[in-house]
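Q: Contents of target-v6.txt (compact mmCIF, C-alpha atoms) are given next:
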# COMPACT_ATOMS: atom_id res chain seq x y z
CA MET A 1 2.87 10.64 -54.75
CA SER A 2 5.42 8.65 -56.76
CA ARG A 3 5.76 4.92 -56.25
CA LEU A 4 9.36 5.37 -55.12
CA LEU A 5 8.37 7.92 -52.45
CA TRP A 6 5.59 5.64 -51.24
CA TRP A 7 8.04 2.77 -50.79
CA LEU A 8 10.49 5.03 -48.96
CA ILE A 9 7.76 5.97 -46.48
CA VAL A 10 6.87 2.31 -45.91
CA VAL A 11 10.51 1.40 -45.32
CA LEU A 12 10.90 4.30 -42.87
CA LEU A 13 7.80 3.24 -40.90
CA VAL A 14 9.01 -0.36 -40.71
CA ALA A 15 12.42 0.82 -39.52
CA LEU A 16 10.84 3.00 -36.81
CA LEU A 17 8.62 0.14 -35.68
CA ALA A 18 11.61 -2.16 -35.44
CA TRP A 19 13.58 0.47 -33.53
CA PHE A 20 10.94 0.83 -30.81
CA TRP A 21 9.39 -2.63 -30.70
CA ILE A 22 12.26 -5.07 -31.13
CA PRO A 23 14.32 -3.89 -28.12
CA LYS A 24 11.26 -3.93 -25.89
CA HIS A 25 10.22 -7.34 -27.16
CA ALA A 26 13.72 -8.64 -26.59
CA VAL A 27 13.70 -7.36 -23.00
CA GLU A 28 10.26 -8.80 -22.28
CA SER A 29 11.24 -12.17 -23.72
CA ARG A 30 14.12 -12.23 -21.21
CA GLY A 31 11.85 -11.46 -18.29
CA GLU A 32 9.71 -13.80 -16.25
CA VAL A 33 6.16 -13.34 -15.02
CA ARG A 34 5.99 -13.07 -11.24
CA ALA A 35 3.04 -12.68 -8.89
CA ALA A 36 3.06 -11.36 -5.32
CA LEU A 37 0.36 -11.04 -2.68
CA ASP A 38 0.43 -8.37 0.01
CA ILE A 39 -1.77 -9.73 2.81
CA GLY A 40 -2.37 -6.52 4.71
CA SER A 41 -4.39 -5.95 7.85
CA GLY A 42 -7.40 -4.71 5.89
CA ALA A 43 -7.00 -6.00 2.34
CA THR A 44 -5.20 -8.61 0.25
CA ASN A 45 -3.49 -7.15 -2.82
CA LEU A 46 -2.23 -8.98 -5.91
CA LYS A 47 0.38 -7.66 -8.32
CA VAL A 48 1.46 -9.53 -11.48
CA ALA A 49 4.43 -8.20 -13.43
CA ARG A 50 7.14 -9.17 -15.87
CA VAL A 51 10.48 -8.89 -14.11
CA ASP A 52 14.05 -9.08 -15.41
CA PRO A 53 15.60 -11.83 -13.21
CA GLN A 54 19.10 -10.48 -13.84
CA THR A 55 18.47 -6.95 -12.59
CA ASN A 56 15.31 -7.61 -10.54
CA LYS A 57 13.67 -4.62 -12.20
CA ILE A 58 10.02 -4.55 -13.26
CA ILE A 59 9.82 -4.53 -17.06
CA SER A 60 6.05 -4.13 -17.22
CA GLN A 61 3.07 -4.38 -14.91
CA ILE A 62 0.46 -6.86 -16.05
CA PHE A 63 -2.37 -6.98 -13.50
CA GLU A 64 -3.39 -5.80 -10.04
CA GLN A 65 -6.39 -6.37 -7.80
CA SER A 66 -7.33 -5.73 -4.18
CA ILE A 67 -9.89 -7.62 -2.08
CA PRO A 68 -10.90 -6.24 1.35
CA VAL A 69 -10.32 -8.69 4.21
CA PRO A 70 -10.67 -7.03 7.68
CA TYR A 71 -8.07 -9.05 9.60
CA GLN A 72 -7.18 -6.27 12.05
CA LYS A 73 -10.80 -5.46 12.85
CA HIS A 74 -11.63 -9.09 13.64
CA LEU A 75 -8.40 -9.49 15.60
CA GLU A 76 -9.19 -6.57 17.88
CA GLN A 77 -12.76 -7.78 18.37
CA SER A 78 -11.70 -11.34 19.17
CA GLY A 79 -10.96 -10.83 22.86
CA ASN A 80 -8.18 -13.43 22.74
CA ASN A 81 -5.90 -12.00 20.02
CA THR A 82 -6.77 -14.65 17.42
CA PHE A 83 -8.24 -14.74 13.94
CA ASP A 84 -11.78 -16.13 14.02
CA LYS A 85 -13.17 -18.64 11.54
CA GLU A 86 -15.16 -15.98 9.66
CA VAL A 87 -12.16 -13.83 8.71
CA MET A 88 -9.93 -16.86 8.04
CA ASP A 89 -12.50 -18.28 5.62
CA GLN A 90 -12.81 -14.87 3.96
CA GLY A 91 -9.04 -14.61 3.70
CA ILE A 92 -8.62 -18.03 2.13
CA ARG A 93 -11.34 -17.28 -0.41
CA ALA A 94 -9.56 -14.06 -1.38
CA ILE A 95 -6.15 -15.73 -1.72
CA ARG A 96 -7.58 -18.64 -3.71
CA ALA A 97 -9.35 -16.26 -6.11
CA LEU A 98 -6.27 -14.08 -6.58
CA LYS A 99 -4.00 -17.09 -7.08
CA GLU A 100 -6.28 -18.35 -9.85
CA VAL A 101 -5.86 -14.99 -11.58
CA ALA A 102 -2.07 -15.13 -11.14
CA ASP A 103 -1.96 -18.67 -12.51
CA SER A 104 -3.91 -17.56 -15.58
CA TYR A 105 -0.92 -15.35 -16.45
CA GLN A 106 1.41 -18.35 -16.11
CA SER A 107 3.33 -16.78 -13.26
CA LYS A 108 6.59 -18.45 -12.28
CA LYS A 109 5.17 -18.73 -8.77
CA VAL A 110 2.99 -16.79 -6.34
CA ILE A 111 4.64 -15.49 -3.19
CA ALA A 112 2.85 -13.83 -0.29
CA VAL A 113 3.88 -11.52 2.53
CA ALA A 114 1.67 -10.88 5.58
CA THR A 115 2.02 -7.90 7.87
CA ALA A 116 0.78 -6.37 11.15
CA ALA A 117 -2.33 -8.42 11.88
CA PHE A 118 -0.40 -11.65 11.30
CA ARG A 119 2.42 -10.44 13.54
CA GLN A 120 -0.09 -9.93 16.34
CA ALA A 121 -2.42 -12.92 16.04
CA THR A 122 -1.43 -15.87 18.21
CA ASN A 123 -2.81 -18.32 15.64
CA ALA A 124 -1.21 -16.59 12.64
CA GLN A 125 1.35 -19.31 11.84
CA GLU A 126 -1.30 -21.99 12.11
CA PHE A 127 -3.48 -19.99 9.74
CA ALA A 128 -0.57 -19.42 7.36
CA ASN A 129 0.00 -23.18 7.26
CA GLU A 130 -3.68 -23.70 6.46
CA ILE A 131 -3.49 -21.14 3.64
CA GLU A 132 -0.60 -23.03 2.09
CA LYS A 133 -2.44 -26.34 2.51
CA GLN A 134 -5.62 -25.08 0.83
CA THR A 135 -4.17 -22.75 -1.83
CA GLY A 136 -0.55 -23.78 -2.34
CA VAL A 137 0.61 -20.24 -1.45
CA GLN A 138 3.39 -20.02 1.14
CA VAL A 139 2.88 -17.02 3.41
CA ARG A 140 5.86 -15.16 4.86
CA ILE A 141 5.01 -13.21 8.02
CA ILE A 142 7.40 -10.26 7.76
CA ASN A 143 8.52 -7.89 10.51
CA GLN A 144 7.85 -4.16 10.43
CA ASP A 145 11.35 -3.27 9.22
CA ASP A 146 10.95 -5.59 6.22
CA GLU A 147 7.52 -4.11 5.58
CA GLY A 148 9.01 -0.63 5.41
CA VAL A 149 11.83 -1.76 3.12
CA LEU A 150 9.44 -3.48 0.69
CA ALA A 151 7.26 -0.37 0.51
CA PHE A 152 10.32 1.80 -0.12
CA ARG A 153 11.65 -0.50 -2.85
CA GLY A 154 8.22 -0.66 -4.50
CA ALA A 155 7.74 3.10 -4.44
CA LEU A 156 11.18 3.90 -5.84
CA ALA A 157 10.67 1.37 -8.63
CA LEU A 158 7.71 3.41 -9.88
CA SER A 159 8.91 6.93 -9.13
CA SER A 160 11.55 9.26 -10.54
CA ALA A 161 12.37 10.46 -7.01
CA GLN A 162 15.95 10.21 -5.80
CA PRO A 163 16.21 7.51 -3.08
CA GLU A 164 18.28 9.68 -0.74
CA GLU A 165 15.70 12.48 -1.00
CA THR A 166 12.62 10.36 -0.41
CA VAL A 167 10.44 9.35 2.53
CA VAL A 168 7.92 6.58 1.85
CA TRP A 169 4.80 6.63 4.04
CA ASP A 170 2.62 3.55 4.43
CA ILE A 171 -0.36 3.23 6.77
CA GLY A 172 -2.10 -0.10 7.17
CA GLY A 173 -4.87 -1.45 9.34
CA GLY A 174 -2.45 -2.37 12.12
CA SER A 175 0.86 -0.60 11.48
CA MET A 176 2.47 2.50 10.01
CA GLN A 177 5.92 2.96 8.51
CA LEU A 178 7.88 6.01 7.43
CA THR A 179 10.96 4.77 5.59
CA THR A 180 14.00 6.55 4.22
CA LEU A 181 17.73 6.09 3.60
CA THR A 182 20.35 7.29 6.06
CA GLU A 183 23.49 9.11 4.97
CA ALA A 184 25.26 5.75 5.14
CA GLY A 185 22.79 4.34 2.62
CA THR A 186 21.01 2.02 5.08
CA TYR A 187 17.26 1.85 5.56
CA LEU A 188 15.70 3.69 8.48
CA VAL A 189 12.16 2.53 9.25
CA GLU A 190 10.11 4.63 11.65
CA LYS A 191 7.48 2.41 13.26
CA GLY A 192 4.48 4.68 13.66
CA LYS A 193 2.75 4.79 17.03
CA THR A 194 -0.69 4.06 15.58
CA ALA A 195 -2.47 2.85 12.44
CA SER A 196 -5.92 2.86 10.88
CA ILE A 197 -7.83 0.59 13.29
CA PRO A 198 -6.03 1.55 16.53
CA PHE A 199 -6.58 5.24 15.69
CA LYS A 200 -10.26 4.69 14.98
CA ASN A 201 -10.61 2.80 18.26
CA ALA A 202 -8.79 5.53 20.17
CA ILE A 203 -11.31 8.10 18.90
CA ILE A 204 -14.18 5.94 20.15
CA GLN A 205 -12.65 5.15 23.54
CA GLN A 206 -10.53 8.17 24.45
CA ILE A 207 -12.28 11.06 22.69
CA GLN A 208 -15.91 9.99 22.54
CA GLN A 209 -15.72 7.99 25.80
CA LYS A 210 -17.71 5.07 24.38
CA ASP A 211 -17.49 1.33 24.99
CA LEU A 212 -15.67 -0.36 22.10
CA ASN A 213 -17.52 -3.58 22.82
CA VAL A 214 -20.77 -1.79 22.02
CA VAL A 215 -19.75 0.85 19.47
CA GLN A 216 -17.57 -0.01 16.45
CA THR A 217 -17.70 3.28 14.54
CA PRO A 218 -16.81 6.84 15.59
CA ASN A 219 -19.32 8.25 13.12
CA PRO A 220 -20.99 10.64 13.17
CA MET A 221 -18.09 12.81 14.35
CA SER A 222 -18.54 16.39 15.52
CA LEU A 223 -16.08 19.14 14.62
CA ALA A 224 -14.92 19.07 18.24
CA ASP A 225 -14.25 15.32 17.92
CA MET A 226 -12.24 16.01 14.77
CA ASP A 227 -10.13 18.69 16.45
CA GLN A 228 -9.29 16.34 19.33
CA ALA A 229 -8.48 13.54 16.90
CA LEU A 230 -6.13 15.82 14.96
CA GLN A 231 -4.38 16.82 18.19
CA TYR A 232 -4.00 13.17 19.20
CA ALA A 233 -2.59 12.17 15.79
CA GLY A 234 -0.24 15.15 15.90
CA SER A 235 1.07 14.21 19.34
CA LEU A 236 1.96 10.74 18.02
CA ALA A 237 3.52 12.17 14.87
CA LEU A 238 5.88 14.34 16.92
CA GLN A 239 7.41 11.13 18.35
CA THR A 240 8.80 10.34 14.89
CA ASP A 241 12.56 9.76 14.61
CA PRO A 242 14.36 13.17 14.49
CA TYR A 243 16.33 12.19 11.38
CA ILE A 244 13.10 11.58 9.44
CA LYS A 245 11.46 14.74 10.79
CA GLU A 246 14.46 16.78 9.67
CA LYS A 247 14.56 15.13 6.25
CA ILE A 248 10.86 15.87 5.70
CA LEU A 249 11.56 19.57 6.25
CA ALA A 250 14.25 19.64 3.54
CA PRO A 251 12.92 21.43 0.41
CA THR A 252 14.17 18.66 -1.93
CA THR A 253 12.48 15.82 -0.04
CA LYS A 254 9.51 14.04 -1.63
CA VAL A 255 7.02 12.20 0.57
CA LEU A 256 5.56 9.27 -1.34
CA ALA A 257 2.40 7.73 0.12
CA VAL A 258 1.67 4.10 -0.67
CA GLY A 259 -0.77 1.35 0.26
CA SER A 260 -4.50 0.77 0.26
CA LEU A 261 -5.35 3.44 2.83
CA PHE A 262 -3.92 6.26 0.74
CA ASN A 263 -5.26 4.94 -2.56
CA TYR A 264 -8.75 3.96 -1.42
CA GLY A 265 -9.26 6.02 1.73
CA ILE A 266 -7.56 9.35 0.96
CA ARG A 267 -7.53 9.93 -2.80
CA PRO A 268 -11.34 9.58 -3.16
CA VAL A 269 -11.76 12.29 -0.50
CA VAL A 270 -9.82 14.78 -2.67
CA GLU A 271 -11.41 13.95 -6.01
CA ASN A 272 -8.94 11.13 -6.71
CA LYS A 273 -5.99 13.47 -7.02
CA LYS A 274 -2.58 11.83 -6.77
CA ASP A 275 -1.11 14.95 -5.20
CA VAL A 276 -2.84 15.36 -1.84
CA GLN A 277 -2.57 18.87 -0.43
CA GLU A 278 -2.98 19.44 3.31
CA GLY A 279 -5.49 22.27 2.85
CA GLU A 280 -7.68 20.33 0.43
CA LEU A 281 -7.70 17.28 2.69
CA GLU A 282 -8.69 19.33 5.73
CA LYS A 283 -11.54 21.02 3.87
CA ALA A 284 -12.83 17.67 2.61
CA VAL A 285 -12.68 15.87 5.94
CA ARG A 286 -14.42 18.68 7.83
CA ALA A 287 -17.23 18.46 5.30
CA MET A 288 -17.88 14.94 6.61
CA ALA A 289 -18.70 16.13 10.13
CA GLY A 290 -22.04 14.90 11.43
CA LYS A 291 -22.38 12.12 8.83
CA THR A 292 -23.26 8.54 9.72
CA ASP A 293 -21.71 5.43 8.19
CA GLU A 294 -24.71 5.18 5.88
CA GLN A 295 -24.11 8.71 4.62
CA LEU A 296 -20.38 8.18 4.06
CA PRO A 297 -18.59 6.37 1.22
CA GLY A 298 -16.71 3.14 1.73
CA GLY A 299 -19.45 0.57 2.32
CA ALA A 300 -18.13 -1.90 4.91
CA LEU A 301 -15.16 0.43 5.48
CA ALA A 302 -17.31 3.49 6.21
CA GLU A 303 -16.34 3.34 9.88
CA VAL A 304 -12.83 4.56 8.96
CA ALA A 305 -13.94 6.94 6.18
CA VAL A 306 -13.42 9.94 8.48
CA SER A 307 -10.80 8.68 10.93
CA ASN A 308 -8.33 7.69 8.19
CA PRO A 309 -8.18 11.20 6.65
CA LEU A 310 -7.93 12.66 10.17
CA LEU A 311 -4.96 10.41 10.93
CA VAL A 312 -3.18 11.45 7.74
CA LEU A 313 -4.03 15.13 8.24
CA GLY A 314 -2.84 15.10 11.85
CA TYR A 315 0.53 13.71 10.78
CA MET A 316 0.83 16.15 7.89
CA LYS A 317 0.18 19.12 10.17
CA ALA A 318 2.54 17.99 12.93
CA LEU A 319 5.40 16.99 10.60
CA GLN A 320 4.83 20.01 8.32
CA ILE A 321 4.15 17.93 5.22
CA PRO A 322 2.41 20.33 2.78
CA HIS A 323 1.51 17.58 0.32
CA VAL A 324 2.13 13.91 -0.48
CA GLU A 325 2.30 12.09 -3.80
CA VAL A 326 0.15 8.96 -3.71
CA LEU A 327 1.45 5.96 -5.66
CA GLN A 328 -0.47 2.80 -6.55
CA VAL A 329 2.10 0.75 -4.64
CA ASN A 330 1.97 -1.81 -1.85
CA ASN A 331 4.28 -4.45 -0.38
CA ALA A 332 3.63 -6.72 -3.36
CA ASP A 333 5.57 -4.30 -5.60
CA GLY A 334 8.62 -4.59 -3.38
CA ALA A 335 8.23 -8.36 -3.04
CA LEU A 336 8.21 -8.80 -6.83
CA THR A 337 11.79 -7.56 -7.06
CA TYR A 338 13.23 -8.74 -3.74
CA PRO A 339 15.91 -11.33 -4.72
CA PRO A 340 15.65 -13.63 -1.64
CA TYR A 341 12.02 -14.36 -2.48
CA TRP A 342 12.87 -15.61 -5.97
CA GLU A 343 16.02 -17.66 -5.43
What would the structure in this file look like if it were written as structure tokens?
A:
Amino acid sequence: MSRLLWWLIVVLLVALLAWFWIPKHAVESRGEVRAALDIGSGATNLKVARVDPQTNKIISQIFEQSIPVPYQKHLEQSGNNTFDKEVMDQGIRAIRALKEVADSYQSKKVIAVATAAFRQATNAQEFANEIEKQTGVQVRIINQDDEGVLAFRGALALSSAQPEETVVWDIGGGSMQLTTLTEAGTYLVEKGKTASIPFKNAIIQQIQQKDLNVVQTPNPMSLADMDQALQYAGSLALQTDPYIKEKILAPTTKVLAVGSLFNYGIRPVVENKKDVQEGELEKAVRAMAGKTDEQLPGGALAEVAVSNPLLVLGYMKALQIPHVEVLQVNNADGALTYPPYWE
């Protein structure tokens, strides 16, 4: 190879590097590092990302972590609709640890949104004030409509789906949302009639006829239990807003599933596939019949290892959803780009 040709190759490589790297570097230098916490009913999730403050678009994701905190479970066991000291201490430890991580990335600030369990607990605002006092993180207790909108914004930010042809499905420990856009371009948030913990409790009380004060897990579940649970979930699914039910049936509609339940409670059941098919899910969940908590995956969350897939499957069958695409998205993704939180 001649010296001239060698130099031409070097110059070409440098030019290509500049072409791809300089624009990206310029964009990232304009962005700011933001951190958001999604304090869900069963887990606290952190997302750190570089965001363009002019467009409120995510330039690049930097870090994410989830720590289980069973707010909804403790709330329903409390007897007086309050968070007990055990779960509040656990929650503060999780938030403090995640904030330290966010601070290590020199985030502009750390914002936090809290959902269903905080909407229900009578001492939620007092607890939120204590969180801010001990960690410096201000907690916004958002309503269910805002929760649906944040999930929708977060999902669309990480998907190529067309907004008007999308339904975003989020199931938490204490609430469920199916969110889409109307023909007028406004958000429509369907507030599901159940969620992870209420559904699990309904199996114990209504199907298995057991005392919830004595029994906290529906496992082991028989095939007959599963069939009744699917029928119950389906009956609730059929109460979904007609506009959303009709949109789901359209051949161009994509159903995007987000949140911890889908990512950590459904994907592992179908070999961590992002595309969850109804038939595969049903086969996998029926294979869990007769298994105890100790024989099921999930550790401390084993008590919902079967009921969560049954809830999802029951809705899929009733609403005729052949498959869902699971995204690693939660309310934190939407909060990162929601302008009012960063003004």
Q: Could you name the residues that touch segment 259-272 of chain A at 9 Å or less, counting only C-alpha atoms, but leaving out those on the same chain fewer than 3 positions away, as a PyMOL selection string?
A: chain A and resi 40+42-43+45+66+151+169-173+196+275-277+280-281+284-285+298+301+304-306+308-309+312+326-331
Q: What separation in Å, quoted to one decimal, exists between atom CA of Ala121 of chain A and atom CA of Trp342 of chain A?
A: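 Computed distance, atom CA of Ala121 of chain A to atom CA of Trp342 of chain A, equals 26.9 Å.
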Q: Taking all atoms listed in the file into account, name the residue in A:Asn219, A:Lys193, A:Thr135, A:Thr240 that is nearest to Ala302 of chain A.
A: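 That would be A:Asn219, the residue with the smallest distance to Ala302 of chain A.
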Q: Could you name the residues that touch segment 242-249 of chain A at 10 Å or less, counting only C-alpha atoms, but leaving out those on the same chain fewer than 3 positions away, as an NGL selection string?
A: :A and (164-167 or 178-182 or 188-190 or 237-239 or 252-255 or 318-322)
Q: Quick one: everything within 9 Å of segment 137-139 of chain A, counting only C-alpha atoms, minus sequence neighbours fewer than 5 positions away in the same chain. Send it as JSON, numbers by chain.
A: {"A": [37, 39, 95, 96, 99, 109, 110, 111, 112, 113, 114, 125, 128, 129, 131, 132]}
Q: Output C-alpha atoms for every residue in that selection, as a tab-separated table (two decimals), in the coordinates of the input.
A:
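The new file out25.tsv reads:
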chain	number	residue	atom	x	y	z
A	37	LEU	CA	0.36	-11.04	-2.68
A	39	ILE	CA	-1.77	-9.73	2.81
A	95	ILE	CA	-6.15	-15.73	-1.72
A	96	ARG	CA	-7.58	-18.64	-3.71
A	99	LYS	CA	-4.00	-17.09	-7.08
A	109	LYS	CA	5.17	-18.73	-8.77
A	110	VAL	CA	2.99	-16.79	-6.34
A	111	ILE	CA	4.64	-15.49	-3.19
A	112	ALA	CA	2.85	-13.83	-0.29
A	113	VAL	CA	3.88	-11.52	2.53
A	114	ALA	CA	1.67	-10.88	5.58
A	125	GLN	CA	1.35	-19.31	11.84
A	128	ALA	CA	-0.57	-19.42	7.36
A	129	ASN	CA	0.00	-23.18	7.26
A	131	ILE	CA	-3.49	-21.14	3.64
A	132	GLU	CA	-0.60	-23.03	2.09
Q: Counting all atoms listed in the file, what is within 8 Å of segment 143-147 of chain A, bar same-chain residues fewer than 3 positions away, as a ChimeraX atom specification?
A: /A:115-116,119,150-151,175,177,189,191,331
Q: What does the distance between atom CA of Ser160 of chain A and atom CA of Asp38 of chain A come to in Å, to one decimal place?
A: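 Atom CA of Asp38 of chain A lies 23.4 Å from atom CA of Ser160 of chain A.
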Q: Could you tell me how far atom CA of Glu130 of chain A lies from atom CA of Glu64 of chain A, in Å and to one decimal?
A: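 Separation of atom CA of Glu130 of chain A and atom CA of Glu64 of chain A: 24.3 Å.
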Q: Smallest atom-to-atom distance to Val33 of chain A: which of A:Pro198, A:Pro53, A:Gly299, A:Pro70, using all atoms listed in the file?
A: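 Checking each of A:Pro198, A:Pro53, A:Gly299, A:Pro70 against Val33 of chain A, counting all atoms listed in the file, the winner is A:Pro53.
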Q: Could you tell me which of A:Gln205, A:Gln120, A:Ile67, A:Ala102 comes closest to Ile141 of chain A if we count only C-alpha atoms?
A: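 Using only C-alpha atoms, Ile141 of chain A sits closest to A:Gln120.
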Q: So, counting all atoms listed in the file, which residue among A:His74, A:Gly31, A:Gly154, A:Leu296 is closest to Lys47 of chain A?
A: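 Residue with the minimum atom-to-atom distance to Lys47 of chain A: A:Gly154.
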Q: Pick out the closest residue to Gly192 of chain A from this set: A:Ser235, A:Ile142, A:Lys210, A:Gly136. Count all atoms listed in the file.
A: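 Nearest candidate to Gly192 of chain A out of A:Ser235, A:Ile142, A:Lys210, A:Gly136: A:Ser235.
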Q: May I ask which of the residues A:Ala117, A:Met316, A:Val149, A:Leu223 is the closest one to Lys73 of chain A, counting all atoms listed in the file?
A: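 Selected residue with least distance to Lys73 of chain A: A:Ala117.
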Q: (7.1, -6.7, -18.0) in this file's frame - what residues fall within 7 Å of it? Use only C-alpha atoms and give the answer as a PDB file with C-alpha atoms, keeping the file's coordinate frame.
A:
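Saved as point.pdb:
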ATOM      1  CA  GLU A  28      10.260  -8.800 -22.280  1.00  0.00           C
ATOM      2  CA  GLY A  31      11.850 -11.460 -18.290  1.00  0.00           C
ATOM      3  CA  ALA A  49       4.430  -8.200 -13.430  1.00  0.00           C
ATOM      4  CA  ARG A  50       7.140  -9.170 -15.870  1.00  0.00           C
ATOM      5  CA  VAL A  51      10.480  -8.890 -14.110  1.00  0.00           C
ATOM      6  CA  ILE A  58      10.020  -4.550 -13.260  1.00  0.00           C
ATOM      7  CA  ILE A  59       9.820  -4.530 -17.060  1.00  0.00           C
ATOM      8  CA  SER A  60       6.050  -4.130 -17.220  1.00  0.00           C
ATOM      9  CA  GLN A  61       3.070  -4.380 -14.910  1.00  0.00           C
ATOM     10  CA  ILE A  62       0.460  -6.860 -16.050  1.00  0.00           C
TER      11      ILE A  62
END
